[in-house]
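*Asks:* As input, take run-v1.cif (mmCIF, C-alpha atoms):
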data_work
#
loop_
_atom_site.group_PDB
_atom_site.id
_atom_site.type_symbol
_atom_site.label_atom_id
_atom_site.label_comp_id
_atom_site.auth_asym_id
_atom_site.auth_seq_id
_atom_site.Cartn_x
_atom_site.Cartn_y
_atom_site.Cartn_z
ATOM 1 C CA MET A 1 -4.106 8.283 40.701
ATOM 2 C CA ALA A 2 -3.935 11.055 43.250
ATOM 3 C CA LEU A 3 -4.957 13.634 40.644
ATOM 4 C CA GLU A 4 -7.075 16.430 42.053
ATOM 5 C CA LEU A 5 -10.636 16.669 40.786
ATOM 6 C CA HIS A 6 -11.011 19.603 38.375
ATOM 7 C CA PRO A 7 -12.755 22.511 40.184
ATOM 8 C CA ASP A 8 -15.456 22.717 37.467
ATOM 9 C CA VAL A 9 -16.741 19.288 38.494
ATOM 10 C CA ALA A 10 -15.981 19.506 42.228
ATOM 11 C CA VAL A 11 -19.720 19.259 42.960
ATOM 12 C CA LEU A 12 -19.611 15.717 41.502
ATOM 13 C CA ALA A 13 -17.002 14.449 44.009
ATOM 14 C CA PRO A 14 -19.602 12.328 45.872
ATOM 15 C CA LEU A 15 -20.059 10.226 42.702
ATOM 16 C CA LEU A 16 -16.432 9.085 42.427
ATOM 17 C CA GLY A 17 -15.674 5.420 42.928
ATOM 18 C CA THR A 18 -17.163 2.059 42.087
ATOM 19 C CA TRP A 19 -20.694 1.155 43.117
ATOM 20 C CA GLU A 20 -22.440 -2.196 43.241
ATOM 21 C CA GLY A 21 -26.084 -3.023 43.808
ATOM 22 C CA SER A 22 -29.269 -4.164 42.197
ATOM 23 C CA GLY A 23 -32.291 -2.825 40.396
ATOM 24 C CA THR A 24 -35.583 -3.631 38.767
ATOM 25 C CA GLY A 25 -37.068 -2.679 35.425
ATOM 26 C CA GLU A 26 -40.456 -2.543 33.801
ATOM 27 C CA TYR A 27 -41.980 -1.326 30.547
ATOM 28 C CA PRO A 28 -45.263 -2.023 28.784
ATOM 29 C CA THR A 29 -43.510 -3.942 26.006
ATOM 30 C CA ILE A 30 -41.498 -6.342 28.188
ATOM 31 C CA ASP A 31 -41.735 -8.554 31.274
ATOM 32 C CA ASP A 32 -40.621 -7.054 34.581
ATOM 33 C CA PHE A 33 -36.990 -7.876 35.288
ATOM 34 C CA ALA A 34 -34.275 -7.574 37.920
ATOM 35 C CA TYR A 35 -30.557 -6.967 37.536
ATOM 36 C CA VAL A 36 -27.328 -6.573 39.446
ATOM 37 C CA GLU A 37 -25.243 -3.577 38.520
ATOM 38 C CA SER A 38 -21.762 -2.138 38.738
ATOM 39 C CA ILE A 39 -21.142 1.584 38.109
ATOM 40 C CA THR A 40 -17.849 3.462 38.071
ATOM 41 C CA PHE A 41 -17.399 7.235 38.083
ATOM 42 C CA SER A 42 -13.779 8.312 37.536
ATOM 43 C CA HIS A 43 -11.747 11.348 36.522
ATOM 44 C CA VAL A 44 -8.327 12.285 35.165
ATOM 45 C CA GLY A 45 -8.103 15.859 36.486
ATOM 46 C CA LYS A 46 -9.901 17.341 33.483
ATOM 47 C CA PRO A 47 -13.283 19.140 33.626
ATOM 48 C CA PHE A 48 -15.403 16.018 33.245
ATOM 49 C CA VAL A 49 -16.272 12.833 35.113
ATOM 50 C CA ALA A 50 -16.289 9.548 33.182
ATOM 51 C CA TYR A 51 -19.106 7.045 33.732
ATOM 52 C CA THR A 52 -19.288 3.358 32.876
ATOM 53 C CA GLN A 53 -21.942 0.879 33.847
ATOM 54 C CA ARG A 54 -22.697 -2.807 33.419
ATOM 55 C CA THR A 55 -25.651 -4.910 34.467
ATOM 56 C CA LYS A 56 -25.906 -8.678 34.773
ATOM 57 C CA HIS A 57 -28.721 -11.147 35.175
ATOM 58 C CA PRO A 58 -29.149 -11.809 38.938
ATOM 59 C CA ASP A 59 -29.380 -15.591 38.489
ATOM 60 C CA THR A 60 -27.236 -16.461 35.477
ATOM 61 C CA GLY A 61 -24.658 -13.682 35.815
ATOM 62 C CA LEU A 62 -24.877 -13.125 32.066
ATOM 63 C CA PRO A 63 -24.317 -9.561 30.869
ATOM 64 C CA MET A 64 -27.480 -7.539 30.192
ATOM 65 C CA HIS A 65 -26.863 -3.844 29.533
ATOM 66 C CA ALA A 66 -23.874 -1.529 29.396
ATOM 67 C CA GLU A 67 -23.369 2.156 28.736
ATOM 68 C CA ALA A 68 -20.613 4.740 28.914
ATOM 69 C CA GLY A 69 -20.528 8.490 29.030
ATOM 70 C CA TYR A 70 -19.184 11.725 30.417
ATOM 71 C CA LEU A 71 -20.575 14.319 32.827
ATOM 72 C CA ARG A 72 -19.746 18.007 32.636
ATOM 73 C CA VAL A 73 -20.794 21.020 34.711
ATOM 74 C CA PRO A 74 -21.008 23.947 32.260
ATOM 75 C CA ARG A 75 -21.927 26.359 35.073
ATOM 76 C CA PRO A 76 -22.771 25.976 38.753
ATOM 77 C CA GLY A 77 -26.035 24.099 39.238
ATOM 78 C CA SER A 78 -26.171 22.751 35.677
ATOM 79 C CA ILE A 79 -25.069 19.441 34.306
ATOM 80 C CA GLU A 80 -24.583 17.942 30.836
ATOM 81 C CA ILE A 81 -24.199 14.226 30.143
ATOM 82 C CA VAL A 82 -23.063 12.622 26.890
ATOM 83 C CA MET A 83 -23.895 8.926 26.708
ATOM 84 C CA ALA A 84 -23.238 6.045 24.307
ATOM 85 C CA GLN A 85 -25.289 2.865 24.438
ATOM 86 C CA PRO A 86 -24.470 -0.408 22.671
ATOM 87 C CA THR A 87 -28.122 -0.652 21.655
ATOM 88 C CA GLY A 88 -27.272 2.027 19.093
ATOM 89 C CA LEU A 89 -28.201 5.219 20.929
ATOM 90 C CA ALA A 90 -26.152 8.379 21.436
ATOM 91 C CA GLU A 91 -27.773 10.671 23.994
ATOM 92 C CA ILE A 92 -27.255 14.227 25.207
ATOM 93 C CA TYR A 93 -28.766 15.092 28.590
ATOM 94 C CA GLU A 94 -29.100 18.446 30.296
ATOM 95 C CA GLY A 95 -30.361 19.232 33.747
ATOM 96 C CA ALA A 96 -29.692 20.374 37.273
ATOM 97 C CA VAL A 97 -27.225 19.326 39.937
ATOM 98 C CA VAL A 98 -27.582 20.094 43.635
ATOM 99 C CA GLY A 99 -24.716 19.268 45.952
ATOM 100 C CA GLY A 100 -22.594 20.986 48.534
ATOM 101 C CA ASP A 101 -23.633 20.116 52.084
ATOM 102 C CA ALA A 102 -26.844 18.458 50.875
ATOM 103 C CA PRO A 103 -27.051 14.983 49.339
ATOM 104 C CA LEU A 104 -25.977 15.119 45.702
ATOM 105 C CA VAL A 105 -28.911 15.041 43.285
ATOM 106 C CA LEU A 106 -28.640 15.043 39.487
ATOM 107 C CA ASP A 107 -31.851 15.475 37.549
ATOM 108 C CA VAL A 108 -31.478 15.324 33.765
ATOM 109 C CA ARG A 109 -33.580 14.959 30.644
ATOM 110 C CA SER A 110 -32.492 14.040 27.140
ATOM 111 C CA THR A 111 -32.272 16.998 24.763
ATOM 112 C CA SER A 112 -31.340 14.837 21.793
ATOM 113 C CA ILE A 113 -31.193 11.112 21.110
ATOM 114 C CA ASN A 114 -29.537 9.929 17.936
ATOM 115 C CA SER A 115 -29.747 6.337 16.878
ATOM 116 C CA THR A 116 -28.292 3.917 14.390
ATOM 117 C CA PRO A 117 -30.727 2.534 11.776
ATOM 118 C CA THR A 118 -31.113 -0.734 13.702
ATOM 119 C CA ALA A 119 -31.751 0.779 17.158
ATOM 120 C CA LYS A 120 -35.173 0.722 18.811
ATOM 121 C CA GLU A 121 -36.988 4.063 18.808
ATOM 122 C CA VAL A 122 -36.400 5.980 22.054
ATOM 123 C CA THR A 123 -37.709 9.550 22.042
ATOM 124 C CA VAL A 124 -37.161 10.926 25.570
ATOM 125 C CA THR A 125 -35.253 9.687 28.612
ATOM 126 C CA GLU A 126 -34.988 11.166 32.093
ATOM 127 C CA ARG A 127 -32.622 10.171 34.886
ATOM 128 C CA THR A 128 -32.511 11.141 38.547
ATOM 129 C CA ILE A 129 -29.398 10.118 40.482
ATOM 130 C CA SER A 130 -28.957 10.798 44.186
ATOM 131 C CA VAL A 131 -26.002 10.069 46.458
ATOM 132 C CA THR A 132 -26.142 10.108 50.243
ATOM 133 C CA GLY A 133 -22.849 9.033 51.763
ATOM 134 C CA ASP A 134 -21.987 5.642 50.289
ATOM 135 C CA ASP A 135 -25.467 4.982 48.926
ATOM 136 C CA LEU A 136 -26.515 5.783 45.375
ATOM 137 C CA HIS A 137 -30.056 5.562 44.068
ATOM 138 C CA TYR A 138 -31.296 6.254 40.578
ATOM 139 C CA THR A 139 -34.483 6.154 38.589
ATOM 140 C CA PHE A 140 -34.802 6.148 34.818
ATOM 141 C CA ARG A 141 -37.873 7.144 32.822
ATOM 142 C CA MET A 142 -38.286 6.592 29.107
ATOM 143 C CA ALA A 143 -40.607 7.266 26.181
ATOM 144 C CA ALA A 144 -39.972 4.560 23.601
ATOM 145 C CA VAL A 145 -41.537 2.433 20.858
ATOM 146 C CA GLY A 146 -44.767 4.462 20.893
ATOM 147 C CA HIS A 147 -45.221 4.753 24.676
ATOM 148 C CA SER A 148 -45.190 8.048 26.542
ATOM 149 C CA LEU A 149 -42.627 8.897 29.217
ATOM 150 C CA ARG A 150 -42.904 6.463 32.146
ATOM 151 C CA HIS A 151 -40.901 4.703 34.814
ATOM 152 C CA HIS A 152 -38.477 2.098 33.444
ATOM 153 C CA LEU A 153 -35.640 1.454 35.919
ATOM 154 C CA SER A 154 -34.885 1.910 39.607
ATOM 155 C CA ALA A 155 -31.741 0.755 41.422
ATOM 156 C CA THR A 156 -29.832 1.184 44.675
ATOM 157 C CA LEU A 157 -26.069 0.737 44.863
ATOM 158 C CA HIS A 158 -23.422 0.948 47.564
ATOM 159 C CA ARG A 159 -19.915 2.353 47.129
ATOM 160 C CA VAL A 160 -17.413 -0.530 47.210
ATOM 161 C CA ARG A 161 -14.274 1.411 46.257
ATOM 162 C CA GLU A 162 -13.325 5.064 46.522
ATOM 163 C CA MET B 1 -13.189 -13.792 30.552
ATOM 164 C CA ALA B 2 -13.274 -16.776 28.205
ATOM 165 C CA LEU B 3 -16.627 -15.655 26.781
ATOM 166 C CA GLU B 4 -16.978 -16.396 23.102
ATOM 167 C CA LEU B 5 -17.275 -13.410 20.796
ATOM 168 C CA HIS B 6 -20.851 -13.023 19.553
ATOM 169 C CA PRO B 7 -21.065 -14.296 15.938
ATOM 170 C CA ASP B 8 -22.580 -10.986 14.746
ATOM 171 C CA VAL B 9 -19.312 -9.218 15.555
ATOM 172 C CA ALA B 10 -16.911 -12.069 14.755
ATOM 173 C CA VAL B 11 -15.412 -9.971 11.960
ATOM 174 C CA LEU B 12 -14.156 -7.542 14.649
ATOM 175 C CA ALA B 13 -12.086 -10.190 16.484
ATOM 176 C CA PRO B 14 -8.774 -8.667 15.278
ATOM 177 C CA LEU B 15 -9.612 -5.492 17.259
ATOM 178 C CA LEU B 16 -9.848 -7.173 20.663
ATOM 179 C CA GLY B 17 -7.257 -6.319 23.271
ATOM 180 C CA THR B 18 -5.346 -3.306 24.510
ATOM 181 C CA TRP B 19 -3.240 -1.229 22.157
ATOM 182 C CA GLU B 20 -0.578 1.368 22.880
ATOM 183 C CA GLY B 21 1.181 3.772 20.567
ATOM 184 C CA SER B 22 1.458 7.357 19.476
ATOM 185 C CA GLY B 23 -0.074 9.818 17.064
ATOM 186 C CA THR B 24 -0.014 13.323 15.710
ATOM 187 C CA GLY B 25 -2.733 15.882 15.147
ATOM 188 C CA GLU B 26 -3.261 19.022 13.146
ATOM 189 C CA TYR B 27 -6.087 21.432 12.383
ATOM 190 C CA PRO B 28 -6.176 24.977 11.000
ATOM 191 C CA THR B 29 -7.328 26.377 14.347
ATOM 192 C CA ILE B 30 -4.622 24.827 16.550
ATOM 193 C CA ASP B 31 -0.895 24.118 16.680
ATOM 194 C CA ASP B 32 0.277 20.697 15.509
ATOM 195 C CA PHE B 33 0.558 18.271 18.401
ATOM 196 C CA ALA B 34 1.683 14.769 19.319
ATOM 197 C CA TYR B 35 0.183 12.297 21.761
ATOM 198 C CA VAL B 36 0.600 8.850 23.245
ATOM 199 C CA GLU B 37 -2.482 6.692 23.230
ATOM 200 C CA SER B 38 -4.027 3.627 24.812
ATOM 201 C CA ILE B 39 -7.045 1.926 23.210
ATOM 202 C CA THR B 40 -9.023 -1.062 24.486
ATOM 203 C CA PHE B 41 -11.576 -3.075 22.510
ATOM 204 C CA SER B 42 -13.473 -5.584 24.659
ATOM 205 C CA HIS B 43 -16.624 -7.683 24.618
ATOM 206 C CA VAL B 44 -18.975 -9.513 26.977
ATOM 207 C CA GLY B 45 -20.404 -12.075 24.546
ATOM 208 C CA LYS B 46 -23.169 -9.768 23.330
ATOM 209 C CA PRO B 47 -23.487 -8.454 19.754
ATOM 210 C CA PHE B 48 -21.267 -5.419 20.242
ATOM 211 C CA VAL B 49 -17.646 -4.545 20.922
ATOM 212 C CA ALA B 50 -16.890 -1.872 23.530
ATOM 213 C CA TYR B 51 -14.248 0.765 22.833
ATOM 214 C CA THR B 52 -12.403 3.081 25.211
ATOM 215 C CA GLN B 53 -9.492 5.342 24.466
ATOM 216 C CA ARG B 54 -7.227 7.766 26.285
ATOM 217 C CA THR B 55 -4.455 10.026 25.081
ATOM 218 C CA LYS B 56 -1.715 11.707 27.075
ATOM 219 C CA HIS B 57 0.801 14.411 26.408
ATOM 220 C CA PRO B 58 4.046 12.721 25.288
ATOM 221 C CA ASP B 59 6.238 14.872 27.560
ATOM 222 C CA THR B 60 4.165 15.682 30.620
ATOM 223 C CA GLY B 61 2.033 12.523 30.693
ATOM 224 C CA LEU B 62 -0.999 14.680 31.420
ATOM 225 C CA PRO B 63 -4.336 13.427 30.051
ATOM 226 C CA MET B 64 -5.438 14.984 26.762
ATOM 227 C CA HIS B 65 -8.454 13.314 25.176
ATOM 228 C CA ALA B 66 -10.737 10.392 25.986
ATOM 229 C CA GLU B 67 -13.741 8.799 24.329
ATOM 230 C CA ALA B 68 -15.897 5.716 24.712
ATOM 231 C CA GLY B 69 -18.294 3.883 22.463
ATOM 232 C CA TYR B 70 -19.683 0.701 21.021
ATOM 233 C CA LEU B 71 -19.331 -1.021 17.646
ATOM 234 C CA ARG B 72 -22.060 -3.128 16.067
ATOM 235 C CA VAL B 73 -22.302 -5.050 12.800
ATOM 236 C CA PRO B 74 -25.933 -4.759 11.680
ATOM 237 C CA ARG B 75 -25.286 -6.955 8.627
ATOM 238 C CA PRO B 76 -22.175 -8.449 7.034
ATOM 239 C CA GLY B 77 -19.877 -5.770 5.669
ATOM 240 C CA SER B 78 -21.555 -2.918 7.545
ATOM 241 C CA ILE B 79 -20.621 -1.297 10.811
ATOM 242 C CA GLU B 80 -22.268 1.160 13.200
ATOM 243 C CA ILE B 81 -20.417 3.018 15.953
ATOM 244 C CA VAL B 82 -21.978 4.974 18.825
ATOM 245 C CA MET B 83 -19.523 7.299 20.511
ATOM 246 C CA ALA B 84 -19.514 9.638 23.529
ATOM 247 C CA GLN B 85 -16.892 12.326 23.927
ATOM 248 C CA PRO B 86 -16.205 14.358 27.083
ATOM 249 C CA THR B 87 -15.989 17.459 24.920
ATOM 250 C CA GLY B 88 -19.789 17.251 24.757
ATOM 251 C CA LEU B 89 -20.337 15.293 21.540
ATOM 252 C CA ALA B 90 -22.483 12.207 20.945
ATOM 253 C CA GLU B 91 -21.783 10.696 17.547
ATOM 254 C CA ILE B 92 -23.329 8.003 15.363
ATOM 255 C CA TYR B 93 -21.114 6.550 12.634
ATOM 256 C CA GLU B 94 -22.001 4.211 9.786
ATOM 257 C CA GLY B 95 -19.737 2.576 7.270
ATOM 258 C CA ALA B 96 -18.077 -0.511 5.912
ATOM 259 C CA VAL B 97 -15.995 -3.251 7.463
ATOM 260 C CA VAL B 98 -13.740 -5.607 5.516
ATOM 261 C CA GLY B 99 -12.153 -8.522 7.347
ATOM 262 C CA GLY B 100 -11.872 -12.251 6.993
ATOM 263 C CA ASP B 101 -8.518 -13.317 5.584
ATOM 264 C CA ALA B 102 -7.607 -9.750 4.653
ATOM 265 C CA PRO B 103 -6.390 -7.092 7.113
ATOM 266 C CA LEU B 104 -9.340 -5.652 9.019
ATOM 267 C CA VAL B 105 -10.410 -2.236 7.727
ATOM 268 C CA LEU B 106 -13.217 -0.114 9.171
ATOM 269 C CA ASP B 107 -14.201 2.958 7.224
ATOM 270 C CA VAL B 108 -16.920 5.065 8.832
ATOM 271 C CA ARG B 109 -18.485 8.509 8.551
ATOM 272 C CA SER B 110 -20.673 10.345 11.049
ATOM 273 C CA THR B 111 -24.366 10.300 10.187
ATOM 274 C CA SER B 112 -25.300 12.468 13.158
ATOM 275 C CA ILE B 113 -23.399 14.472 15.746
ATOM 276 C CA ASN B 114 -25.291 15.836 18.704
ATOM 277 C CA SER B 115 -23.667 18.251 21.079
ATOM 278 C CA THR B 116 -24.196 19.907 24.408
ATOM 279 C CA PRO B 117 -24.669 23.703 24.344
ATOM 280 C CA THR B 118 -21.056 24.274 25.408
ATOM 281 C CA ALA B 119 -19.395 21.908 22.895
ATOM 282 C CA LYS B 120 -17.417 23.176 19.914
ATOM 283 C CA GLU B 121 -19.203 22.840 16.586
ATOM 284 C CA VAL B 122 -18.228 19.619 14.781
ATOM 285 C CA THR B 123 -20.276 18.877 11.655
ATOM 286 C CA VAL B 124 -18.745 15.749 10.074
ATOM 287 C CA THR B 125 -16.142 13.230 11.194
ATOM 288 C CA GLU B 126 -14.646 10.267 9.356
ATOM 289 C CA ARG B 127 -12.492 7.479 10.755
ATOM 290 C CA THR B 128 -10.499 4.759 9.047
ATOM 291 C CA ILE B 129 -9.109 2.016 11.276
ATOM 292 C CA SER B 130 -6.955 -0.823 9.964
ATOM 293 C CA VAL B 131 -5.479 -3.799 11.805
ATOM 294 C CA THR B 132 -2.745 -6.020 10.428
ATOM 295 C CA GLY B 133 -1.661 -8.621 12.970
ATOM 296 C CA ASP B 134 -0.695 -6.749 16.142
ATOM 297 C CA ASP B 135 -0.499 -3.355 14.460
ATOM 298 C CA LEU B 136 -3.375 -0.870 14.397
ATOM 299 C CA HIS B 137 -3.401 2.328 12.393
ATOM 300 C CA TYR B 138 -6.096 4.941 12.215
ATOM 301 C CA THR B 139 -6.783 8.268 10.618
ATOM 302 C CA PHE B 140 -9.432 10.772 11.634
ATOM 303 C CA ARG B 141 -10.871 13.522 9.459
ATOM 304 C CA MET B 142 -13.098 16.294 10.732
ATOM 305 C CA ALA B 143 -15.155 19.288 9.599
ATOM 306 C CA ALA B 144 -15.390 21.657 12.558
ATOM 307 C CA VAL B 145 -15.644 25.312 13.607
ATOM 308 C CA GLY B 146 -16.256 26.491 10.037
ATOM 309 C CA HIS B 147 -13.615 24.364 8.280
ATOM 310 C CA SER B 148 -14.409 21.713 5.676
ATOM 311 C CA LEU B 149 -13.577 18.032 6.146
ATOM 312 C CA ARG B 150 -9.821 17.549 6.456
ATOM 313 C CA HIS B 151 -7.166 15.421 8.108
ATOM 314 C CA HIS B 152 -6.994 15.841 11.879
ATOM 315 C CA LEU B 153 -5.389 12.777 13.510
ATOM 316 C CA SER B 154 -3.186 9.839 12.575
ATOM 317 C CA ALA B 155 -1.789 7.216 14.960
ATOM 318 C CA THR B 156 -0.142 3.800 15.001
ATOM 319 C CA LEU B 157 -0.527 1.431 17.950
ATOM 320 C CA HIS B 158 0.708 -2.034 18.844
ATOM 321 C CA ARG B 159 -1.276 -4.707 20.681
ATOM 322 C CA VAL B 160 0.116 -5.077 24.216
ATOM 323 C CA ARG B 161 -2.535 -7.435 25.638
ATOM 324 C CA GLU B 162 -4.950 -9.864 24.029
#
I'd like the structure from this file rewritten - as structure tokens, please.
*Replies:*
Amino acid sequence: MALELHPDVAVLAPLLGTWEGSGTGEYPTIDDFAYVESITFSHVGKPFVAYTQRTKHPDTGLPMHAEAGYLRVPRPGSIEIVMAQPTGLAEIYEGAVVGGDAPLVLDVRSTSINSTPTAKEVTVTERTISVTGDDLHYTFRMAAVGHSLRHHLSATLHRVRE
Amino acid sequence: MALELHPDVAVLAPLLGTWEGSGTGEYPTIDDFAYVESITFSHVGKPFVAYTQRTKHPDTGLPMHAEAGYLRVPRPGSIEIVMAQPTGLAEIYEGAVVGGDAPLVLDVRSTSINSTPTAKEVTVTERTISVTGDDLHYTFRMAAVGHSLRHHLSATLHRVRE
């Protein structure tokens, strides 16, 4: 598709493409773990960018986590993310986006997290995503199952397709 | 992928694959409209089925709507859906699933709808999805922008890939 990126989300252009890399995770309730990850940001010319993600176990290759969502820029400098997780969570994030000539940085915090009756309790999540050239790094912080907000995930990926 | 479908979601096997077809929409606040649609239900061997959807204008081919989510079966006969929409909505649905030897029917209603500050107000949504062989039909009802729950969308699709 040679569709032009919608001007409302032009600041997100550095995200577009498919990224591959690896990350590590930790939380008080679980053993530390590592994962390999594939992320795709895409668009169809409308004022949003679509996001999908999958992680796999680094040794067995078995699927671990997945999520899907959409990014919008309601006004310059602001960003909204809507996210669905197969663990039973539907999240809304709001935050700031800095781009232009600088590396792209998205810094968002959940404003609401809805969950199905069988989902684990997650009360707050924060994500920071930064892109410099073909390198993407993110961190993920979470307050869940009775623990306060703390570091959970960190990963570095490289763009493998535009 | 020759991964086996997770037994928790075995009842959803008739959904798997890619579906194409067309639908029509109506609501008091907008003109009636038609669309062509592509839906994919997929899995990675974990206890959920992933869902993505895209609609296009039947004449221009331009993208109209998209959404992505995950289906889970918390116990036999019940279904949960987590959905993200680029319009700024994050929805949780709960409802019933009937399958086995009969046609597959999913009947769900939103239990919570979270939205970004710029999203239109949607208070309740209901979806009914039925699959008979390679034919899928759904209806979508919605209470939004001050109107009570009423018919919004109806579409029929045919399975084009397993």
*Asks:* With 6 Å as the cut-off and only C-alpha atoms counted, what is the closest atom pair between each nearby residue of chain A and chain B? Distances in Å to one decimal, ordered by chain and number, as a tab-separated table.
*Replies:*
residue	atom	partner	partner_atom	distance
A:Gly69	CA	B:Ala84	CA	5.7
A:Tyr70	CA	B:Pro86	CA	5.2
A:Val82	CA	B:Ala84	CA	5.7
A:Met83	CA	B:Ala84	CA	5.5
A:Ala84	CA	B:Ala84	CA	5.2
A:Pro86	CA	B:Tyr70	CA	5.2
A:Ala90	CA	B:Ala90	CA	5.3
*Asks:* Need the neighbours of (-17.8, 0.5, 45.0): which residues are at most 9 Å away, counting all atoms listed in the file, as a ChimeraX atom specification?
*Replies:* /A:17-20,38-40,134,157-162
*Asks:* Quick one: pull the distance between CA of Leu106 (chain A) and CA of Asp135 (chain A), Å, one decimal.
*Replies:*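 CA of Leu106 (chain A) sits 14.2 Å away from CA of Asp135 (chain A).
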*Asks:* Can you measure CA of Thr125 (chain B) to CA of Ala155 (chain B) for me? One decimal in Å is fine.
*Replies:* 16.0 Å
*Asks:* Mind giving me the straight-line distance from CA of Phe41 (chain B) to CA of Phe140 (chain A) in Å, one decimal?
*Replies:*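 So the answer is 27.9 Å.
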*Asks:* Taking the file as I've supplied it (selection: the PyMOL selection byres ((chain B and resi 129) around 7)), which residues are included? Please answer as a PyMOL selection string.
*Replies:* chain B and resi 105-107+127-128+130-131+137-139
*Asks:* Run the PyMOL selection byres ((chain A and resi 57) around 10) mentally over the shown coordinates, then write out the matched residues as a list in words, using the chain letters and numbers from the document.
*Replies:*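 On this input, the PyMOL selection byres ((chain A and resi 57) around 10) captures Ser22, Phe33, Ala34, Tyr35, Val36, Glu37, Thr55, Lys56, Pro58, Asp59, Thr60, Gly61, Leu62, Pro63, Met64 and His65 of chain A.
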*Asks:* If we draw a sphere of 8 Å around (-27.6, 25.5, 37.2), which residues have at least one atom in it when counting all atoms listed in the file? Please report them as number ranges by chain.
*Replies:* A: 75-79, 95-97
